[in-house]
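Trainee: File query-v9.cif follows (mmCIF, C-alpha atoms):
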data_model
#
loop_
_atom_site.group_PDB
_atom_site.id
_atom_site.type_symbol
_atom_site.label_atom_id
_atom_site.label_comp_id
_atom_site.auth_asym_id
_atom_site.auth_seq_id
_atom_site.Cartn_x
_atom_site.Cartn_y
_atom_site.Cartn_z
ATOM 1 C CA MET A 18 44.253 -8.892 58.048
ATOM 2 C CA GLN A 19 43.149 -5.467 59.189
ATOM 3 C CA ILE A 20 43.597 -2.360 57.052
ATOM 4 C CA GLY A 21 46.167 0.186 58.193
ATOM 5 C CA PRO A 22 45.289 3.434 59.962
ATOM 6 C CA ASN A 23 46.376 5.613 57.030
ATOM 7 C CA THR A 24 44.179 3.662 54.633
ATOM 8 C CA TYR A 25 41.243 3.778 57.061
ATOM 9 C CA ASN A 26 41.570 7.553 57.551
ATOM 10 C CA MET A 27 41.825 8.118 53.800
ATOM 11 C CA GLU A 28 38.716 5.978 53.184
ATOM 12 C CA ARG A 29 36.845 7.847 55.937
ATOM 13 C CA GLU A 30 37.731 11.225 54.405
ATOM 14 C CA TRP A 31 36.755 10.001 50.942
ATOM 15 C CA ALA A 32 33.408 8.639 52.175
ATOM 16 C CA GLN A 33 32.683 11.928 53.953
ATOM 17 C CA HIS A 34 33.477 13.737 50.702
ATOM 18 C CA VAL A 35 31.063 11.490 48.763
ATOM 19 C CA VAL A 36 28.290 12.115 51.320
ATOM 20 C CA ALA A 37 28.906 15.876 51.150
ATOM 21 C CA LEU A 38 28.791 15.831 47.337
ATOM 22 C CA ALA A 39 25.566 13.776 47.325
ATOM 23 C CA LYS A 40 23.923 16.191 49.767
ATOM 24 C CA ALA A 41 25.116 19.155 47.693
ATOM 25 C CA ASN A 42 23.609 17.524 44.592
ATOM 26 C CA LEU A 43 20.253 17.177 46.392
ATOM 27 C CA ILE A 44 20.326 20.851 47.344
ATOM 28 C CA ARG A 45 21.397 21.929 43.855
ATOM 29 C CA GLY A 46 18.640 19.857 42.265
ATOM 30 C CA LYS A 47 16.012 21.126 44.752
ATOM 31 C CA LYS A 48 15.197 17.539 45.707
ATOM 32 C CA ILE A 49 14.574 18.238 49.393
ATOM 33 C CA ALA A 50 10.972 18.080 50.624
ATOM 34 C CA ALA A 51 11.041 17.070 54.298
ATOM 35 C CA GLY A 52 14.765 16.396 54.398
ATOM 36 C CA THR A 53 14.363 12.660 55.020
ATOM 37 C CA LEU A 54 16.523 11.671 52.053
ATOM 38 C CA TYR A 55 19.052 14.429 52.720
ATOM 39 C CA ASN A 56 19.461 13.423 56.372
ATOM 40 C CA SER A 57 19.649 9.707 55.565
ATOM 41 C CA VAL A 58 22.736 9.858 53.323
ATOM 42 C CA SER A 59 25.521 8.186 55.325
ATOM 43 C CA TYR A 60 28.277 5.566 55.203
ATOM 44 C CA SER A 61 30.040 2.893 57.240
ATOM 45 C CA ILE A 62 33.494 1.361 56.884
ATOM 46 C CA ASN A 63 34.403 -2.204 57.824
ATOM 47 C CA LYS A 64 37.703 -1.873 59.706
ATOM 48 C CA GLN A 65 38.720 -5.436 58.847
ATOM 49 C CA THR A 66 38.229 -5.364 55.091
ATOM 50 C CA GLY A 67 38.112 -1.635 54.349
ATOM 51 C CA GLU A 68 34.791 -2.079 52.557
ATOM 52 C CA ILE A 69 32.723 1.116 52.427
ATOM 53 C CA ASP A 70 28.921 0.901 52.458
ATOM 54 C CA PHE A 71 26.768 3.908 51.629
ATOM 55 C CA TYR A 72 23.149 4.291 52.737
ATOM 56 C CA TYR A 73 20.190 6.502 51.934
ATOM 57 C CA ALA A 74 16.418 6.359 52.448
ATOM 58 C CA PRO A 75 14.390 4.061 50.151
ATOM 59 C CA GLU A 76 12.815 6.996 48.305
ATOM 60 C CA GLY A 77 16.307 7.922 47.157
ATOM 61 C CA GLU A 78 16.104 5.080 44.660
ATOM 62 C CA PHE A 79 13.291 6.913 42.823
ATOM 63 C CA VAL A 80 15.270 10.162 42.848
ATOM 64 C CA GLU A 81 18.432 8.378 41.651
ATOM 65 C CA SER A 82 16.852 6.116 39.002
ATOM 66 C CA GLY A 83 13.610 7.911 38.234
ATOM 67 C CA ARG A 84 10.419 6.116 37.264
ATOM 68 C CA ARG A 85 9.534 4.811 33.809
ATOM 69 C CA PRO A 86 6.553 6.324 31.982
ATOM 70 C CA ASN A 87 3.422 4.169 31.841
ATOM 71 C CA SER A 88 4.350 2.338 35.039
ATOM 72 C CA ARG A 89 2.275 1.554 38.106
ATOM 73 C CA PHE A 90 0.818 4.256 40.308
ATOM 74 C CA PRO A 91 3.126 5.316 43.149
ATOM 75 C CA PRO A 92 1.878 4.722 46.725
ATOM 76 C CA PRO A 93 -0.845 7.289 47.509
ATOM 77 C CA GLY A 94 0.357 7.825 51.080
ATOM 78 C CA ALA A 95 3.837 8.780 49.908
ATOM 79 C CA ILE A 96 2.442 11.148 47.269
ATOM 80 C CA ALA A 97 0.068 12.815 49.752
ATOM 81 C CA LYS A 98 2.915 13.323 52.224
ATOM 82 C CA TRP A 99 5.224 14.645 49.492
ATOM 83 C CA ALA A 100 2.571 17.092 48.197
ATOM 84 C CA LYS A 101 1.985 18.420 51.705
ATOM 85 C CA GLU A 102 5.719 18.810 52.421
ATOM 86 C CA LYS A 103 6.350 20.519 49.073
ATOM 87 C CA GLY A 104 3.443 22.881 49.698
ATOM 88 C CA ILE A 105 1.584 21.954 46.525
ATOM 89 C CA PRO A 106 -1.702 23.858 46.736
ATOM 90 C CA GLN A 107 -5.098 22.305 46.309
ATOM 91 C CA PHE A 108 -6.466 22.373 42.786
ATOM 92 C CA ARG A 109 -9.765 23.873 41.670
ATOM 93 C CA ASP A 110 -12.253 22.181 39.414
ATOM 94 C CA LYS A 111 -13.914 23.796 36.358
ATOM 95 C CA LYS A 112 -16.470 25.532 38.583
ATOM 96 C CA GLY A 113 -13.758 27.026 40.808
ATOM 97 C CA ARG A 114 -14.362 24.721 43.783
ATOM 98 C CA TYR A 115 -11.425 23.225 45.652
ATOM 99 C CA ILE A 116 -10.975 19.519 45.103
ATOM 100 C CA SER A 117 -10.192 17.195 47.997
ATOM 101 C CA ASN A 118 -6.666 16.219 49.024
ATOM 102 C CA ASP A 119 -7.470 12.620 48.023
ATOM 103 C CA THR A 120 -8.352 13.748 44.499
ATOM 104 C CA ARG A 121 -5.208 15.872 44.342
ATOM 105 C CA THR A 122 -3.179 12.820 45.399
ATOM 106 C CA PHE A 123 -4.867 10.706 42.720
ATOM 107 C CA LEU A 124 -4.190 13.295 39.996
ATOM 108 C CA LEU A 125 -0.526 13.610 40.984
ATOM 109 C CA SER A 126 -0.145 9.813 41.146
ATOM 110 C CA ARG A 127 -1.749 9.398 37.742
ATOM 111 C CA ALA A 128 0.535 12.049 36.221
ATOM 112 C CA ILE A 129 3.594 10.282 37.669
ATOM 113 C CA ALA A 130 2.358 6.899 36.422
ATOM 114 C CA ILE A 131 1.758 8.240 32.904
ATOM 115 C CA LYS A 132 4.737 10.608 32.498
ATOM 116 C CA GLY A 133 7.227 8.982 34.863
ATOM 117 C CA ILE A 134 9.949 10.799 36.772
ATOM 118 C CA ARG A 135 13.232 11.866 35.215
ATOM 119 C CA PRO A 136 16.255 10.350 36.976
ATOM 120 C CA PHE A 137 18.427 12.654 39.067
ATOM 121 C CA PRO A 138 21.605 10.672 39.807
ATOM 122 C CA PHE A 139 22.573 12.590 42.947
ATOM 123 C CA PHE A 140 24.556 9.698 44.424
ATOM 124 C CA SER A 141 26.177 8.058 41.403
ATOM 125 C CA ASP A 142 27.404 11.496 40.261
ATOM 126 C CA ALA A 143 28.946 12.073 43.705
ATOM 127 C CA ILE A 144 30.720 8.693 43.573
ATOM 128 C CA GLU A 145 31.983 9.400 40.052
ATOM 129 C CA GLN A 146 33.327 12.835 41.009
ATOM 130 C CA ALA A 147 35.077 11.568 44.134
ATOM 131 C CA THR A 148 36.480 8.367 42.600
ATOM 132 C CA GLN A 149 39.014 10.236 40.490
ATOM 133 C CA GLN A 150 40.628 11.493 43.696
ATOM 134 C CA LEU A 151 40.367 8.095 45.437
ATOM 135 C CA TYR A 152 42.916 6.143 43.396
ATOM 136 C CA ASN A 153 45.884 8.419 44.048
ATOM 137 C CA ASP A 154 45.039 8.917 47.725
ATOM 138 C CA LEU A 155 44.465 5.206 48.291
ATOM 139 C CA GLU A 156 47.776 4.291 46.705
ATOM 140 C CA ASP A 157 49.631 6.798 48.904
ATOM 141 C CA ALA A 158 47.857 5.599 52.070
ATOM 142 C CA ILE A 159 48.599 1.923 51.382
ATOM 143 C CA ILE A 160 52.267 2.703 50.709
ATOM 144 C CA GLN A 161 52.451 4.653 53.970
ATOM 145 C CA ASP A 162 50.819 1.776 55.901
ATOM 146 C CA ILE A 163 53.297 -0.714 54.409
ATOM 147 C CA GLU A 164 56.230 1.537 55.281
ATOM 148 C CA ASP A 165 54.902 1.973 58.829
ATOM 149 C CA SER A 166 54.486 -1.788 59.271
ATOM 150 C CA ILE A 167 58.017 -2.414 58.017
ATOM 151 C CA ASP A 168 59.354 0.174 60.450
ATOM 152 C CA LEU A 169 57.529 -1.555 63.323
ATOM 153 C CA GLU A 170 59.005 -4.960 62.456
ATOM 154 C CA ILE A 171 62.600 -3.707 62.345
#
Can you turn what I pasted into C-alpha cells?
Mentor:
Amino acid sequence: MQIGPNTYNMEREWAQHVVALAKANLIRGKKIAAGTLYNSVSYSINKQTGEIDFYYAPEGEFVESGRRPNSRFPPPGAIAKWAKEKGIPQFRDKKGRYISNDTRTFLLSRAIAIKGIRPFPFFSDAIEQATQQLYNDLEDAIIQDIEDSIDLEI
C-alpha cells in the first residue's frame, strides 16, 4: 500500500524543517569549517512506506556524539584539513620559531585524544524539536488521505 499524497507532503515538509533546524544548529554552534557537513545534511522519503531517512557526512557523527577522553588519535589527514579550513595559525616553539604543519597536526590530535570532544547534538536536537509538531500534523494528513480515498470509492 502506498502512502497518500497528504501524508507524503506533510512528511516532506517535516523533513525539510528538520534539515533546516539541523543546519541552523550547526551555524549557531559555529561548527562549520569547510561546509561539508552543513551541505551534506539531507533526507529521502520512501513513497511506498513513508519511511524518512536522514543523511549527513561521516564527520557529523563526531560532532553529534563527540569523542571520549583518552581515546585513540583522530586521523591526521582529517585534523590537518580541519586546522587549515578553520584558519588555525602555526604555533611557535619556546625559541619563537614556527613549528611545522605536521607537528601542529600531531599536537592537535594529541589534545583531542587526551581531552576528547564535547558532543554537540545538532541533529538529534533538531529531530526532538520537530517531532512535537509531527504527531498532530501526521494525524491530520492521514485522516485527510482516508477521507479522500473514501470519496474516490463512492
Trainee: Near range 56-71 of chain A, counting all atoms listed in the file, which residues have an atom at most 7 Å away, once you skip same-chain residues fewer than 3 positions from it, shown as an MDAnalysis selection string?
Mentor: chainID A and resid 18:20 25 32 36 52:53 74
Trainee: Kindly provide, as AutoDock Vina command-line options, the centre and edge lengths (Å, one decimal) of an axis-aligned box around all atoms of range 99-108 of chain A given in the file, with 3 Å on each side.
Mentor:
--center_x -0.1 --center_y 19.3 --center_z 47.6 --size_x 18.8 --size_y 15.2 --size_z 15.6
Trainee: Find the residues around Glu78 in chain A up to 12 Å (all atoms listed in the file counted), leave out those fewer than 2 positions away in its own chain, and share them as a list of chain:residue names.
Mentor: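 Within the cut-off, the hits are A:Leu54, A:Val58, A:Tyr72, A:Tyr73, A:Ala74, A:Pro75, A:Glu76, A:Val80, A:Glu81, A:Ser82, A:Gly83, A:Arg84, A:Ile134, A:Arg135, A:Pro136, A:Phe137, A:Pro138, A:Phe139, A:Phe140, A:Ser141.
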Trainee: Would you mind listing what lies within 12 Å of Glu30 in chain A as an MDAnalysis selection string, with all atoms listed in the file counted and same-chain residues fewer than 3 positions away left out?
Mentor: chainID A and resid 23:27 33:37 60:62 69 147 150:151 154:155 158
Trainee: For the residues in the current selection, export C-alpha atoms as an mmCIF file, keeping the file's coordinate frame.
Mentor:
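Below is the file that was written, part_20.cif:
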data_model
loop_
_atom_site.group_PDB
_atom_site.id
_atom_site.type_symbol
_atom_site.label_atom_id
_atom_site.label_comp_id
_atom_site.auth_asym_id
_atom_site.auth_seq_id
_atom_site.Cartn_x
_atom_site.Cartn_y
_atom_site.Cartn_z
ATOM 1 C CA ASN A 23 46.376 5.613 57.030
ATOM 2 C CA THR A 24 44.179 3.662 54.633
ATOM 3 C CA TYR A 25 41.243 3.778 57.061
ATOM 4 C CA ASN A 26 41.570 7.553 57.551
ATOM 5 C CA MET A 27 41.825 8.118 53.800
ATOM 6 C CA GLN A 33 32.683 11.928 53.953
ATOM 7 C CA HIS A 34 33.477 13.737 50.702
ATOM 8 C CA VAL A 35 31.063 11.490 48.763
ATOM 9 C CA VAL A 36 28.290 12.115 51.320
ATOM 10 C CA ALA A 37 28.906 15.876 51.150
ATOM 11 C CA TYR A 60 28.277 5.566 55.203
ATOM 12 C CA SER A 61 30.040 2.893 57.240
ATOM 13 C CA ILE A 62 33.494 1.361 56.884
ATOM 14 C CA ILE A 69 32.723 1.116 52.427
ATOM 15 C CA ALA A 147 35.077 11.568 44.134
ATOM 16 C CA GLN A 150 40.628 11.493 43.696
ATOM 17 C CA LEU A 151 40.367 8.095 45.437
ATOM 18 C CA ASP A 154 45.039 8.917 47.725
ATOM 19 C CA LEU A 155 44.465 5.206 48.291
ATOM 20 C CA ALA A 158 47.857 5.599 52.070
#
Trainee: Using the chain letters and numbering of this document, enumerate as a list of chain:residue names the residues selected by the PyMOL selection byres ((chain A and resi 102) around 12).
Mentor: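 Against this file, the PyMOL selection byres ((chain A and resi 102) around 12) returns the residues A:Lys48, A:Ile49, A:Ala50, A:Ala51, A:Gly52, A:Thr53, A:Ala95, A:Ile96, A:Ala97, A:Lys98, A:Trp99, A:Ala100, A:Lys101, A:Lys103, A:Gly104, A:Ile105, A:Pro106.
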Trainee: Let's have the selection written as a compact mmCIF listing (two decimals), in the coordinates of the input, with C-alpha atoms.
Mentor:
# COMPACT_ATOMS: atom_id res chain seq x y z
CA LYS A 48 15.20 17.54 45.71
CA ILE A 49 14.57 18.24 49.39
CA ALA A 50 10.97 18.08 50.62
CA ALA A 51 11.04 17.07 54.30
CA GLY A 52 14.76 16.40 54.40
CA THR A 53 14.36 12.66 55.02
CA ALA A 95 3.84 8.78 49.91
CA ILE A 96 2.44 11.15 47.27
CA ALA A 97 0.07 12.82 49.75
CA LYS A 98 2.92 13.32 52.22
CA TRP A 99 5.22 14.64 49.49
CA ALA A 100 2.57 17.09 48.20
CA LYS A 101 1.98 18.42 51.70
CA LYS A 103 6.35 20.52 49.07
CA GLY A 104 3.44 22.88 49.70
CA ILE A 105 1.58 21.95 46.52
CA PRO A 106 -1.70 23.86 46.74
Trainee: Could you jot down the CA of Pro93 in chain A to CA of Ile129 in chain A separation for me, Å, one decimal place?
Mentor: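 These two atoms are separated by 11.2 Å.
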Trainee: In Å, how far is it from CA of Asp157 in chain A to CA of Leu38 in chain A?
Mentor: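 Separation of CA of Asp157 in chain A and CA of Leu38 in chain A: 22.8 Å.
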Trainee: Taking into account all atoms listed in the file, which residue in the set A:Ile159, A:Gly113, A:Ser166, A:Gly133 is nearest to Arg85 in chain A?
Mentor: A:Gly133
Trainee: One number please: CA of Ala128 in chain A to CA of Pro92 in chain A, in Å, one decimal.
Mentor: 12.9 Å
Trainee: What residues have an atom no more than 12 Å from (-3.6, 10.1, 40.2) in the file's own frame, counting all atoms listed in the file, and can you write them as a ChimeraX atom specification?
Mentor: /A:89-94,96-97,118-132
